[in-house]
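In what follows, a single structure is set out as structure tokens and then discussed.
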Amino acid sequence: MDKIRNFYKEKTQLCNVAILLVMTLIGWLFFKGHYSNIMTDFGREMIFPQLMNNGNVLYKDILCIYFPLGYQFVALMYTLFGTSIFTLELCGLLVITIFVLSLYSIAANFLDNKVSLLLCLTVLIASGFNGTLFNMILPYSVGFTLGISFALLSVSLVINYFKSEKVYLLYGAFLSCGAAFAAKGELGLLLIAILYVSLCAKPCSIRQNIVNIFCFLLFPVLSLGLLMFQGITVSDIFNAAEFMRIFFTTKSMLFHIAKTGGIFTLSNIPIYLSAIFNIAIFLFASYFLFSKTIDKRTQIVAIGISAYLLNITTCWRHTMFLPILLVIGLICYRKQLSKEIIFLIISAIILNLRMFWGLILSTYGFYTAPIAILTLIVLLQSVITENKLFPTKNTFKKFVIYLLSAYCLFFAVFDITERMKNDTEFRTEKGVLYLPKSQANPINTAIKYIQSYTSVGQKILVLPEGTAINFLTDRNPDGKMPMADRLYYEAIGEEVVMKNVAEADYEMIFIAEGFGLTHFGAKYLYDDKNPVLKYIQSKYNLDWVVKDGDNIINCYVKPY
């Protein structure tokens, strides 16, 4: 045991990296396959790369509102490892590894080794393996998870560049930032923070900055170049850009952005006040419990109580004000902070702009909040002595470890609970999935019916966004209208949706309700008054309806 302790002391960083890698693999093996809400967004991530490998061109043959690198990455993985659920999960493993090691590299430059390791383990459990739509194994958006991972890698390389004269680290940072941009467009704003470094904080020569910009452009140019090689035209690009403009300004999208913190609205003030109250209760109660711990046994009990408090104080909103706090901290303490910390704060703010007015963990916050949490800890650690926020830095460190332990315990329980709910197996040629029973049963019924009465390659449509069923059954969607949830419906227009139904000549059309589908502030879209549903009912026969709880699938078949 002493040899192990001594080795750990001598090789702490190496051991911590090994621990994170082992935990990543164990968590991936334990949680993969167990998901919920695959009728929401998942199918797009599954089917688009398959369509691309079958000769369809993104933005030309496939209606898409996202940047291309994530889909190109998965398409490449399909080519190498086969088109399957396992390949998608393997993509998730690679992304999680980049994500958590990059985060650890950043943390290790500022924080105690114990804090850095515990923070990353907590993030790994919370963000990687939660089994919801926003997990990182089989996520709602490969572009987002790949993009944020490259963004964290970029921040990590810049931080390490500060501590050395190795300019190649900065080249790598610009390269990674370009990859983040090519995967998820708004993450490219990180370029502003990196330019602050290369032009002001630790200036490079003109020649080096030219190389920096070349590195940033490399992935976007290669990604776009591949599309152009496949046949996309300038007209296709402009048409796609125009559709994106329409899509992101629809009434439903603006509602969604406001609800997820992208826009400040007065209607959210009650939520803010509730969050402040709950956060204050949790922090004061936890600090009281922390201050009363006298040994490991009482500390474990106290951590358990704090973890329970997380549940009753709506912990998903505990991160709500982090971007705003970082802005305030930067303004108030900028003269006390090192250039590295200023860069870190600017980066964390930029990466959380998507949820600036309400960073919550239950949606995109699973991906972007970790860098904000790390940055707040670094900021507080930097100013606590001068401003007497804590008696000593050591007290602050111990309290951070206490809080992280409580969050880690809470999310471990949450993940395992989610896995137990996602327990009903169904098998397809693309792989095995486990879903909540009330979701698995209707989907299984639909899949068996499709496999019995259609052949591979025939077209089916699952509204509003069930392309996961297309993928799992190898039945084609129409790439020009792969889905028509409320967001797409408003952007496309109901006349175009009906025209597509007429021209695509689907063998079957399924209307799904429930399954965690979001209606963006309005009532269910495909009700009896909806003109698209009326049109489908006039051209197709309702064959069957299956219901389990709130989850319903209606099957319409072409009359013969």
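Residues in the structure tokens are numbered from 1 in each chain, the chains being A, B, ... in the order shown, and ligands are numbered from 1 in the order shown.
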DSSP on the backbone, helix (DSSP H, G or I) only: what residues of range 135-248 of chain A does that give? Format it as a VMD selection string.
chain A and resid 142 to 162 167 to 183 185 to 201 206 to 230 234 to 247
Give me the residues near range 277-283 of chain A as a list in words, where near means some atom within 10 Å (using only C-alpha atoms) and where sequence neighbours in that chain fewer than 3 positions away do not count.
Ile271, Tyr272, Leu273, Ser274, Ser286, Tyr287, Phe288, Leu289, Ser306, Ala307, Tyr308, Leu309, Leu310, Ile312, Thr313, Thr314, Cys315, Arg317, His318, Thr319, Met320 and Leu403 of chain A
Output N, CA and C atoms for every residue in the selection just made, as a CSV table (one decimal), in the first residue's frame.
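Output file part_38.csv follows:
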```
chain,number,residue,atom,x,y,z
A,271,ILE,N,-38.8,32.4,-11.9
A,271,ILE,CA,-37.8,31.3,-11.9
A,271,ILE,C,-36.5,31.7,-11.3
A,272,TYR,N,-36.0,32.9,-11.6
A,272,TYR,CA,-34.8,33.4,-11.0
A,272,TYR,C,-34.9,33.5,-9.5
A,273,LEU,N,-36.0,34.1,-9.0
A,273,LEU,CA,-36.1,34.3,-7.6
A,273,LEU,C,-36.2,32.9,-6.9
A,274,SER,N,-36.9,32.0,-7.5
A,274,SER,CA,-37.0,30.7,-6.9
A,274,SER,C,-35.6,30.0,-6.8
A,286,SER,N,-25.5,23.5,3.6
A,286,SER,CA,-24.3,22.7,3.4
A,286,SER,C,-23.1,23.2,4.1
A,287,TYR,N,-22.9,24.5,4.1
A,287,TYR,CA,-21.8,25.1,4.9
A,287,TYR,C,-21.9,24.8,6.4
A,288,PHE,N,-23.1,24.9,6.9
A,288,PHE,CA,-23.4,24.6,8.3
A,288,PHE,C,-23.0,23.1,8.6
A,289,LEU,N,-23.5,22.2,7.7
A,289,LEU,CA,-23.2,20.8,7.9
A,289,LEU,C,-21.7,20.6,7.8
A,306,SER,N,-26.5,16.7,2.2
A,306,SER,CA,-26.4,17.7,1.2
A,306,SER,C,-26.9,17.2,-0.2
A,307,ALA,N,-26.5,15.9,-0.5
A,307,ALA,CA,-27.0,15.3,-1.7
A,307,ALA,C,-28.5,15.2,-1.8
A,308,TYR,N,-29.1,14.9,-0.6
A,308,TYR,CA,-30.6,14.9,-0.6
A,308,TYR,C,-31.1,16.3,-0.8
A,309,LEU,N,-30.5,17.3,-0.2
A,309,LEU,CA,-30.9,18.7,-0.4
A,309,LEU,C,-30.8,19.2,-1.8
A,310,LEU,N,-29.9,18.6,-2.6
A,310,LEU,CA,-29.8,18.9,-4.0
A,310,LEU,C,-31.1,18.5,-4.7
A,312,ILE,N,-34.1,18.3,-3.4
A,312,ILE,CA,-35.3,19.1,-3.0
A,312,ILE,C,-35.1,20.6,-3.3
A,313,THR,N,-33.9,21.0,-3.7
A,313,THR,CA,-33.7,22.4,-4.0
A,313,THR,C,-33.5,22.6,-5.5
A,314,THR,N,-34.0,21.6,-6.3
A,314,THR,CA,-33.9,21.7,-7.8
A,314,THR,C,-32.5,22.0,-8.3
A,315,CYS,N,-31.6,21.0,-8.1
A,315,CYS,CA,-30.2,21.3,-8.4
A,315,CYS,C,-29.9,21.6,-9.9
A,317,ARG,N,-31.0,23.9,-11.5
A,317,ARG,CA,-31.0,25.3,-11.6
A,317,ARG,C,-29.8,25.9,-10.8
A,318,HIS,N,-29.0,25.1,-10.1
A,318,HIS,CA,-28.0,25.7,-9.3
A,318,HIS,C,-26.9,26.4,-10.1
A,319,THR,N,-26.8,26.1,-11.4
A,319,THR,CA,-25.8,26.7,-12.2
A,319,THR,C,-26.4,27.9,-13.0
A,320,MET,N,-27.6,28.3,-12.8
A,320,MET,CA,-28.4,29.2,-13.6
A,320,MET,C,-27.6,30.6,-13.8
A,403,LEU,N,-18.7,20.0,-1.4
A,403,LEU,CA,-19.8,20.2,-2.4
A,403,LEU,C,-19.7,19.3,-3.6
```
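In this comparison, which uses only C-alpha atoms, the residue of A:Val557, A:Leu93, A:Leu337, A:Leu361 approaching Leu29 in chain A most closely is A:Leu93.
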Please provide as a PDB file with all heavy atoms, in the first residue's frame all residues within 12 Å of Met52 in chain A, with the sequence filter that same-chain residues fewer than 5 positions apart are discarded (counting only C-alpha atoms).
```pdb
ATOM      1  N   ARG A  44     -31.955  11.931 -36.068  1.00  0.00           N
ATOM      2  CA  ARG A  44     -31.199  12.781 -36.983  1.00  0.00           C
ATOM      3  C   ARG A  44     -29.709  12.445 -36.934  1.00  0.00           C
ATOM      4  O   ARG A  44     -29.036  12.349 -37.961  1.00  0.00           O
ATOM      5  CB  ARG A  44     -31.414  14.253 -36.592  1.00  0.00           C
ATOM      6  CG  ARG A  44     -30.644  15.255 -37.404  1.00  0.00           C
ATOM      7  CD  ARG A  44     -30.725  16.626 -36.752  1.00  0.00           C
ATOM      8  NE  ARG A  44     -30.102  16.616 -35.439  1.00  0.00           N
ATOM      9  CZ  ARG A  44     -30.612  17.176 -34.340  1.00  0.00           C
ATOM     10  NH1 ARG A  44     -31.778  17.776 -34.408  1.00  0.00           N
ATOM     11  NH2 ARG A  44     -29.976  17.129 -33.191  1.00  0.00           N
ATOM     12  N   GLU A  45     -29.194  12.247 -35.717  1.00  0.00           N
ATOM     13  CA  GLU A  45     -27.770  11.933 -35.554  1.00  0.00           C
ATOM     14  C   GLU A  45     -27.447  10.544 -36.110  1.00  0.00           C
ATOM     15  O   GLU A  45     -26.335  10.299 -36.570  1.00  0.00           O
ATOM     16  CB  GLU A  45     -27.404  11.987 -34.071  1.00  0.00           C
ATOM     17  CG  GLU A  45     -27.767  13.287 -33.392  1.00  0.00           C
ATOM     18  CD  GLU A  45     -27.169  14.493 -34.084  1.00  0.00           C
ATOM     19  OE1 GLU A  45     -25.932  14.619 -34.113  1.00  0.00           O
ATOM     20  OE2 GLU A  45     -27.940  15.315 -34.625  1.00  0.00           O
ATOM     21  N   MET A  46     -28.413   9.653 -36.064  1.00  0.00           N
ATOM     22  CA  MET A  46     -28.211   8.298 -36.572  1.00  0.00           C
ATOM     23  C   MET A  46     -28.264   8.246 -38.098  1.00  0.00           C
ATOM     24  O   MET A  46     -27.398   7.644 -38.741  1.00  0.00           O
ATOM     25  CB  MET A  46     -29.297   7.372 -36.014  1.00  0.00           C
ATOM     26  CG  MET A  46     -29.321   7.210 -34.527  1.00  0.00           C
ATOM     27  SD  MET A  46     -30.826   6.291 -34.033  1.00  0.00           S
ATOM     28  CE  MET A  46     -30.552   6.066 -32.281  1.00  0.00           C
ATOM     29  N   ILE A  47     -29.290   8.895 -38.677  1.00  0.00           N
ATOM     30  CA  ILE A  47     -29.611   8.658 -40.082  1.00  0.00           C
ATOM     31  C   ILE A  47     -28.846   9.556 -41.045  1.00  0.00           C
ATOM     32  O   ILE A  47     -28.523   9.143 -42.164  1.00  0.00           O
ATOM     33  CB  ILE A  47     -31.136   8.804 -40.312  1.00  0.00           C
ATOM     34  CG1 ILE A  47     -31.577   8.101 -41.605  1.00  0.00           C
ATOM     35  CG2 ILE A  47     -31.569  10.248 -40.328  1.00  0.00           C
ATOM     36  CD1 ILE A  47     -31.688   6.620 -41.511  1.00  0.00           C
ATOM     37  N   VAL A  57     -25.995  14.327 -50.264  1.00  0.00           N
ATOM     38  CA  VAL A  57     -25.109  15.429 -49.898  1.00  0.00           C
ATOM     39  C   VAL A  57     -25.826  16.343 -48.912  1.00  0.00           C
ATOM     40  O   VAL A  57     -26.956  16.768 -49.149  1.00  0.00           O
ATOM     41  CB  VAL A  57     -24.672  16.232 -51.142  1.00  0.00           C
ATOM     42  CG1 VAL A  57     -23.715  17.356 -50.744  1.00  0.00           C
ATOM     43  CG2 VAL A  57     -24.011  15.308 -52.162  1.00  0.00           C
ATOM     44  N   LEU A  58     -25.139  16.615 -47.804  1.00  0.00           N
ATOM     45  CA  LEU A  58     -25.673  17.504 -46.785  1.00  0.00           C
ATOM     46  C   LEU A  58     -25.966  18.874 -47.388  1.00  0.00           C
ATOM     47  O   LEU A  58     -25.179  19.389 -48.184  1.00  0.00           O
ATOM     48  CB  LEU A  58     -24.647  17.636 -45.655  1.00  0.00           C
ATOM     49  CG  LEU A  58     -25.149  17.889 -44.229  1.00  0.00           C
ATOM     50  CD1 LEU A  58     -26.102  16.795 -43.774  1.00  0.00           C
ATOM     51  CD2 LEU A  58     -23.957  17.976 -43.273  1.00  0.00           C
ATOM     52  N   TYR A  59     -27.100  19.453 -47.009  1.00  0.00           N
ATOM     53  CA  TYR A  59     -27.581  20.768 -47.460  1.00  0.00           C
ATOM     54  C   TYR A  59     -28.128  20.755 -48.891  1.00  0.00           C
ATOM     55  O   TYR A  59     -28.860  21.663 -49.271  1.00  0.00           O
ATOM     56  CB  TYR A  59     -26.491  21.857 -47.365  1.00  0.00           C
ATOM     57  CG  TYR A  59     -25.804  21.891 -46.030  1.00  0.00           C
ATOM     58  CD1 TYR A  59     -24.429  21.685 -45.920  1.00  0.00           C
ATOM     59  CD2 TYR A  59     -26.524  22.115 -44.855  1.00  0.00           C
ATOM     60  CE1 TYR A  59     -23.794  21.701 -44.691  1.00  0.00           C
ATOM     61  CE2 TYR A  59     -25.895  22.133 -43.620  1.00  0.00           C
ATOM     62  CZ  TYR A  59     -24.533  21.918 -43.544  1.00  0.00           C
ATOM     63  OH  TYR A  59     -23.903  21.924 -42.324  1.00  0.00           O
ATOM     64  N   LYS A  60     -27.790  19.737 -49.667  1.00  0.00           N
ATOM     65  CA  LYS A  60     -28.324  19.638 -51.032  1.00  0.00           C
ATOM     66  C   LYS A  60     -29.452  18.613 -51.083  1.00  0.00           C
ATOM     67  O   LYS A  60     -30.563  18.914 -51.539  1.00  0.00           O
ATOM     68  CB  LYS A  60     -27.216  19.250 -52.007  1.00  0.00           C
ATOM     69  CG  LYS A  60     -27.679  19.158 -53.457  1.00  0.00           C
ATOM     70  CD  LYS A  60     -26.507  18.789 -54.373  1.00  0.00           C
ATOM     71  CE  LYS A  60     -26.960  18.731 -55.820  1.00  0.00           C
ATOM     72  NZ  LYS A  60     -25.843  18.398 -56.736  1.00  0.00           N
ATOM     73  N   ASP A  61     -29.152  17.407 -50.614  1.00  0.00           N
ATOM     74  CA  ASP A  61     -30.147  16.331 -50.589  1.00  0.00           C
ATOM     75  C   ASP A  61     -30.754  16.129 -49.204  1.00  0.00           C
ATOM     76  O   ASP A  61     -31.749  15.417 -49.064  1.00  0.00           O
ATOM     77  CB  ASP A  61     -29.508  15.011 -51.037  1.00  0.00           C
ATOM     78  CG  ASP A  61     -28.829  15.127 -52.394  1.00  0.00           C
ATOM     79  OD1 ASP A  61     -29.452  15.677 -53.308  1.00  0.00           O
ATOM     80  OD2 ASP A  61     -27.668  14.690 -52.516  1.00  0.00           O
ATOM     81  N   ILE A  62     -30.104  16.714 -48.191  1.00  0.00           N
ATOM     82  CA  ILE A  62     -30.541  16.532 -46.804  1.00  0.00           C
ATOM     83  C   ILE A  62     -30.788  17.894 -46.176  1.00  0.00           C
ATOM     84  O   ILE A  62     -29.881  18.729 -46.110  1.00  0.00           O
ATOM     85  CB  ILE A  62     -29.475  15.777 -45.980  1.00  0.00           C
ATOM     86  CG1 ILE A  62     -29.122  14.443 -46.624  1.00  0.00           C
ATOM     87  CG2 ILE A  62     -29.963  15.565 -44.553  1.00  0.00           C
ATOM     88  CD1 ILE A  62     -27.925  13.750 -45.992  1.00  0.00           C
ATOM     89  N   LEU A  63     -32.006  18.121 -45.733  1.00  0.00           N
ATOM     90  CA  LEU A  63     -32.350  19.376 -45.067  1.00  0.00           C
ATOM     91  C   LEU A  63     -31.704  19.375 -43.677  1.00  0.00           C
ATOM     92  O   LEU A  63     -32.028  18.541 -42.843  1.00  0.00           O
ATOM     93  CB  LEU A  63     -33.871  19.508 -44.939  1.00  0.00           C
ATOM     94  CG  LEU A  63     -34.380  20.800 -44.308  1.00  0.00           C
ATOM     95  CD1 LEU A  63     -34.078  21.998 -45.199  1.00  0.00           C
ATOM     96  CD2 LEU A  63     -35.889  20.707 -44.047  1.00  0.00           C
ATOM     97  N   CYS A  64     -30.795  20.324 -43.454  1.00  0.00           N
ATOM     98  CA  CYS A  64     -30.008  20.305 -42.219  1.00  0.00           C
ATOM     99  C   CYS A  64     -29.775  21.728 -41.737  1.00  0.00           C
ATOM    100  O   CYS A  64     -29.479  22.623 -42.543  1.00  0.00           O
ATOM    101  CB  CYS A  64     -28.669  19.605 -42.466  1.00  0.00           C
ATOM    102  SG  CYS A  64     -27.619  19.503 -40.997  1.00  0.00           S
ATOM    103  N   PRO A  68     -21.442  20.871 -40.438  1.00  0.00           N
ATOM    104  CA  PRO A  68     -21.280  19.513 -40.981  1.00  0.00           C
ATOM    105  C   PRO A  68     -20.302  18.586 -40.279  1.00  0.00           C
ATOM    106  O   PRO A  68     -20.412  17.365 -40.434  1.00  0.00           O
ATOM    107  CB  PRO A  68     -20.782  19.785 -42.407  1.00  0.00           C
ATOM    108  CG  PRO A  68     -20.049  21.087 -42.319  1.00  0.00           C
ATOM    109  CD  PRO A  68     -20.793  21.892 -41.291  1.00  0.00           C
ATOM    110  N   TYR A  71     -21.480  15.326 -38.395  1.00  0.00           N
ATOM    111  CA  TYR A  71     -22.035  14.294 -39.275  1.00  0.00           C
ATOM    112  C   TYR A  71     -20.939  13.631 -40.108  1.00  0.00           C
ATOM    113  O   TYR A  71     -20.973  12.423 -40.353  1.00  0.00           O
ATOM    114  CB  TYR A  71     -23.106  14.889 -40.181  1.00  0.00           C
ATOM    115  CG  TYR A  71     -24.276  15.452 -39.423  1.00  0.00           C
ATOM    116  CD1 TYR A  71     -24.608  16.806 -39.505  1.00  0.00           C
ATOM    117  CD2 TYR A  71     -25.048  14.645 -38.592  1.00  0.00           C
ATOM    118  CE1 TYR A  71     -25.682  17.323 -38.794  1.00  0.00           C
ATOM    119  CE2 TYR A  71     -26.120  15.158 -37.885  1.00  0.00           C
ATOM    120  CZ  TYR A  71     -26.430  16.493 -37.984  1.00  0.00           C
ATOM    121  OH  TYR A  71     -27.482  17.004 -37.279  1.00  0.00           O
ATOM    122  N   GLN A  72     -19.973  14.410 -40.548  1.00  0.00           N
ATOM    123  CA  GLN A  72     -18.857  13.844 -41.313  1.00  0.00           C
ATOM    124  C   GLN A  72     -18.033  12.903 -40.450  1.00  0.00           C
ATOM    125  O   GLN A  72     -17.563  11.855 -40.924  1.00  0.00           O
ATOM    126  CB  GLN A  72     -18.004  14.977 -41.878  1.00  0.00           C
ATOM    127  CG  GLN A  72     -18.714  15.780 -42.964  1.00  0.00           C
ATOM    128  CD  GLN A  72     -17.996  17.061 -43.318  1.00  0.00           C
ATOM    129  OE1 GLN A  72     -17.290  17.652 -42.503  1.00  0.00           O
ATOM    130  NE2 GLN A  72     -18.166  17.520 -44.549  1.00  0.00           N
ATOM    131  N   PHE A  73     -17.853  13.267 -39.187  1.00  0.00           N
ATOM    132  CA  PHE A  73     -17.128  12.413 -38.245  1.00  0.00           C
ATOM    133  C   PHE A  73     -17.839  11.068 -38.072  1.00  0.00           C
ATOM    134  O   PHE A  73     -17.220   9.995 -38.158  1.00  0.00           O
ATOM    135  CB  PHE A  73     -17.011  13.145 -36.904  1.00  0.00           C
ATOM    136  CG  PHE A  73     -16.588  12.285 -35.746  1.00  0.00           C
ATOM    137  CD1 PHE A  73     -15.367  11.628 -35.737  1.00  0.00           C
ATOM    138  CD2 PHE A  73     -17.414  12.140 -34.634  1.00  0.00           C
ATOM    139  CE1 PHE A  73     -14.977  10.835 -34.660  1.00  0.00           C
ATOM    140  CE2 PHE A  73     -17.044  11.364 -33.557  1.00  0.00           C
ATOM    141  CZ  PHE A  73     -15.827  10.710 -33.567  1.00  0.00           C
ATOM    142  N   VAL A  74     -19.155  11.107 -37.855  1.00  0.00           N
ATOM    143  CA  VAL A  74     -19.909   9.862 -37.681  1.00  0.00           C
ATOM    144  C   VAL A  74     -19.934   9.059 -38.976  1.00  0.00           C
ATOM    145  O   VAL A  74     -19.819   7.823 -38.948  1.00  0.00           O
ATOM    146  CB  VAL A  74     -21.340  10.153 -37.190  1.00  0.00           C
ATOM    147  CG1 VAL A  74     -22.159   8.866 -37.101  1.00  0.00           C
ATOM    148  CG2 VAL A  74     -21.323  10.845 -35.833  1.00  0.00           C
ATOM    149  N   ALA A  75     -20.063   9.738 -40.119  1.00  0.00           N
ATOM    150  CA  ALA A  75     -20.051   9.030 -41.408  1.00  0.00           C
ATOM    151  C   ALA A  75     -18.739   8.286 -41.601  1.00  0.00           C
ATOM    152  O   ALA A  75     -18.715   7.140 -42.087  1.00  0.00           O
ATOM    153  CB  ALA A  75     -20.278  10.020 -42.552  1.00  0.00           C
ATOM    154  N   LEU A  76     -17.637   8.924 -41.214  1.00  0.00           N
ATOM    155  CA  LEU A  76     -16.332   8.258 -41.294  1.00  0.00           C
ATOM    156  C   LEU A  76     -16.293   7.051 -40.369  1.00  0.00           C
ATOM    157  O   LEU A  76     -15.802   5.972 -40.757  1.00  0.00           O
ATOM    158  CB  LEU A  76     -15.227   9.247 -40.926  1.00  0.00           C
ATOM    159  CG  LEU A  76     -13.803   8.675 -40.841  1.00  0.00           C
ATOM    160  CD1 LEU A  76     -13.354   8.117 -42.197  1.00  0.00           C
ATOM    161  CD2 LEU A  76     -12.820   9.730 -40.346  1.00  0.00           C
ATOM    162  N   TYR A  78     -18.839   5.279 -39.364  1.00  0.00           N
ATOM    163  CA  TYR A  78     -19.675   4.245 -39.978  1.00  0.00           C
ATOM    164  C   TYR A  78     -18.881   3.479 -41.030  1.00  0.00           C
ATOM    165  O   TYR A  78     -18.985   2.251 -41.143  1.00  0.00           O
ATOM    166  CB  TYR A  78     -20.893   4.883 -40.654  1.00  0.00           C
ATOM    167  CG  TYR A  78     -22.061   5.207 -39.756  1.00  0.00           C
ATOM    168  CD1 TYR A  78     -23.110   5.995 -40.218  1.00  0.00           C
ATOM    169  CD2 TYR A  78     -22.142   4.730 -38.445  1.00  0.00           C
ATOM    170  CE1 TYR A  78     -24.206   6.301 -39.420  1.00  0.00           C
ATOM    171  CE2 TYR A  78     -23.227   5.034 -37.641  1.00  0.00           C
ATOM    172  CZ  TYR A  78     -24.255   5.819 -38.130  1.00  0.00           C
ATOM    173  OH  TYR A  78     -25.335   6.118 -37.340  1.00  0.00           O
ATOM    174  N   THR A  79     -18.100   4.191 -41.822  1.00  0.00           N
ATOM    175  CA  THR A  79     -17.295   3.554 -42.873  1.00  0.00           C
ATOM    176  C   THR A  79     -16.264   2.611 -42.267  1.00  0.00           C
ATOM    177  O   THR A  79     -16.029   1.516 -42.793  1.00  0.00           O
ATOM    178  CB  THR A  79     -16.579   4.632 -43.713  1.00  0.00           C
ATOM    179  OG1 THR A  79     -17.556   5.498 -44.297  1.00  0.00           O
ATOM    180  CG2 THR A  79     -15.750   4.000 -44.822  1.00  0.00           C
ATOM    181  N   THR A  83     -22.298   0.594 -39.833  1.00  0.00           N
ATOM    182  CA  THR A  83     -23.422   1.463 -39.488  1.00  0.00           C
ATOM    183  C   THR A  83     -24.258   0.789 -38.409  1.00  0.00           C
ATOM    184  O   THR A  83     -25.064  -0.096 -38.697  1.00  0.00           O
ATOM    185  CB  THR A  83     -24.274   1.756 -40.740  1.00  0.00           C
ATOM    186  OG1 THR A  83     -23.438   2.299 -41.757  1.00  0.00           O
ATOM    187  CG2 THR A  83     -25.386   2.734 -40.423  1.00  0.00           C
ATOM    188  N   LEU A 226     -14.972  19.106 -48.623  1.00  0.00           N
ATOM    189  CA  LEU A 226     -15.493  17.764 -48.842  1.00  0.00           C
ATOM    190  C   LEU A 226     -16.911  17.823 -49.390  1.00  0.00           C
ATOM    191  O   LEU A 226     -17.264  17.072 -50.318  1.00  0.00           O
ATOM    192  CB  LEU A 226     -15.460  16.972 -47.532  1.00  0.00           C
ATOM    193  CG  LEU A 226     -16.026  15.547 -47.574  1.00  0.00           C
ATOM    194  CD1 LEU A 226     -15.267  14.698 -48.586  1.00  0.00           C
ATOM    195  CD2 LEU A 226     -15.972  14.907 -46.192  1.00  0.00           C
ATOM    196  N   LEU A 227     -17.718  18.740 -48.853  1.00  0.00           N
ATOM    197  CA  LEU A 227     -19.081  18.897 -49.352  1.00  0.00           C
ATOM    198  C   LEU A 227     -19.084  19.350 -50.812  1.00  0.00           C
ATOM    199  O   LEU A 227     -19.878  18.867 -51.625  1.00  0.00           O
ATOM    200  CB  LEU A 227     -19.843  19.910 -48.491  1.00  0.00           C
ATOM    201  CG  LEU A 227     -20.190  19.478 -47.064  1.00  0.00           C
ATOM    202  CD1 LEU A 227     -20.805  20.633 -46.293  1.00  0.00           C
ATOM    203  CD2 LEU A 227     -21.134  18.285 -47.062  1.00  0.00           C
ATOM    204  N   GLN A 230     -18.330  16.615 -53.060  1.00  0.00           N
ATOM    205  CA  GLN A 230     -19.475  15.723 -53.210  1.00  0.00           C
ATOM    206  C   GLN A 230     -20.567  16.313 -54.090  1.00  0.00           C
ATOM    207  O   GLN A 230     -21.522  15.622 -54.420  1.00  0.00           O
ATOM    208  CB  GLN A 230     -20.041  15.392 -51.820  1.00  0.00           C
ATOM    209  CG  GLN A 230     -19.107  14.538 -50.970  1.00  0.00           C
ATOM    210  CD  GLN A 230     -19.604  14.394 -49.544  1.00  0.00           C
ATOM    211  OE1 GLN A 230     -20.183  15.319 -48.962  1.00  0.00           O
ATOM    212  NE2 GLN A 230     -19.390  13.214 -48.949  1.00  0.00           N
ATOM    213  N   GLY A 231     -20.450  17.604 -54.416  1.00  0.00           N
ATOM    214  CA  GLY A 231     -21.398  18.172 -55.363  1.00  0.00           C
ATOM    215  C   GLY A 231     -22.228  19.329 -54.876  1.00  0.00           C
ATOM    216  O   GLY A 231     -23.103  19.821 -55.602  1.00  0.00           O
ATOM    217  N   GLY A 479     -34.844  12.837 -47.397  1.00  0.00           N
ATOM    218  CA  GLY A 479     -33.815  13.732 -46.883  1.00  0.00           C
ATOM    219  C   GLY A 479     -34.209  15.195 -46.891  1.00  0.00           C
ATOM    220  O   GLY A 479     -33.735  15.980 -46.066  1.00  0.00           O
TER     221      GLY A 479
END
```
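Closest approach to Phe255 in chain A from the set A:Leu330, A:Val142, A:Leu487, A:Ile552 is made by A:Leu487, with distances taken over only C-alpha atoms.
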I want to know what sits within 9 Å of Trp544 in chain A, based on only C-alpha atoms, with residues of the same chain fewer than 3 positions away left out; could you give that as a short mmCIF file (atom, residue, chain, number, x, y, z; two decimals) with N, CA and C atoms, in the first residue's frame?
```cif
data_model
loop_
_atom_site.label_atom_id
_atom_site.label_comp_id
_atom_site.auth_asym_id
_atom_site.auth_seq_id
_atom_site.Cartn_x
_atom_site.Cartn_y
_atom_site.Cartn_z
N ILE A 553 -48.63 5.88 -30.77
CA ILE A 553 -48.23 5.84 -32.18
C ILE A 553 -49.45 5.47 -33.01
N ASN A 554 -49.75 6.31 -34.01
CA ASN A 554 -50.82 6.04 -34.98
C ASN A 554 -50.17 5.63 -36.29
N CYS A 555 -50.61 4.53 -36.86
CA CYS A 555 -50.04 4.03 -38.10
C CYS A 555 -51.02 4.21 -39.26
N TYR A 556 -50.60 4.98 -40.27
CA TYR A 556 -51.39 5.18 -41.49
C TYR A 556 -50.68 4.47 -42.64
#
```
Hey, which of A:Gln381, A:Asn352, A:Asn394, A:Thr473 ends up closest to Glu186 in chain A? Count only C-alpha atoms.
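Smallest separation from Glu186 in chain A among the options: A:Asn352.
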Any idea what the distance is between CA of Leu374 in chain A and CA of Phe219 in chain A?
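Atom-to-atom, CA of Leu374 in chain A to CA of Phe219 in chain A, that is 27.8 Å.
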Smallest atom-to-atom distance to Tyr488 in chain A: which of A:Leu69, A:Leu117, A:Ile246, A:Ala440, using only C-alpha atoms?
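When distances to Tyr488 in chain A are compared using only C-alpha atoms, the smallest one comes from A:Ile246.
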For Met77 in chain A, which of A:Leu90, A:Ile384, A:Cys15, A:Ile106 is the closest residue, counting only C-alpha atoms?
A:Leu90
Contacts between range 521-526 of chain A and range 239-270 of chain A, please, where a residue of range 239-270 of chain A counts if it comes within 10 Å (with only C-alpha atoms); show its shortest atom pair and distance in Å to one decimal, rows by chain and ascending number, as CSV.
```
residue,atom,partner,partner_atom,distance
A:Lys251,CA,A:Gly521,CA,9.7
A:Ser252,CA,A:Gly521,CA,7.2
A:Met253,CA,A:Gly521,CA,9.9
A:Phe255,CA,A:Gly521,CA,7.0
A:His256,CA,A:Gly521,CA,7.9
A:Lys259,CA,A:Gly521,CA,9.4
```
Quick one: residues within 6 Å of range 128-132 of chain A, only C-alpha atoms counted, chain neighbours fewer than 3 positions away excluded, as a ChimeraX atom specification?
/A:35-36,124-125,135-136,415
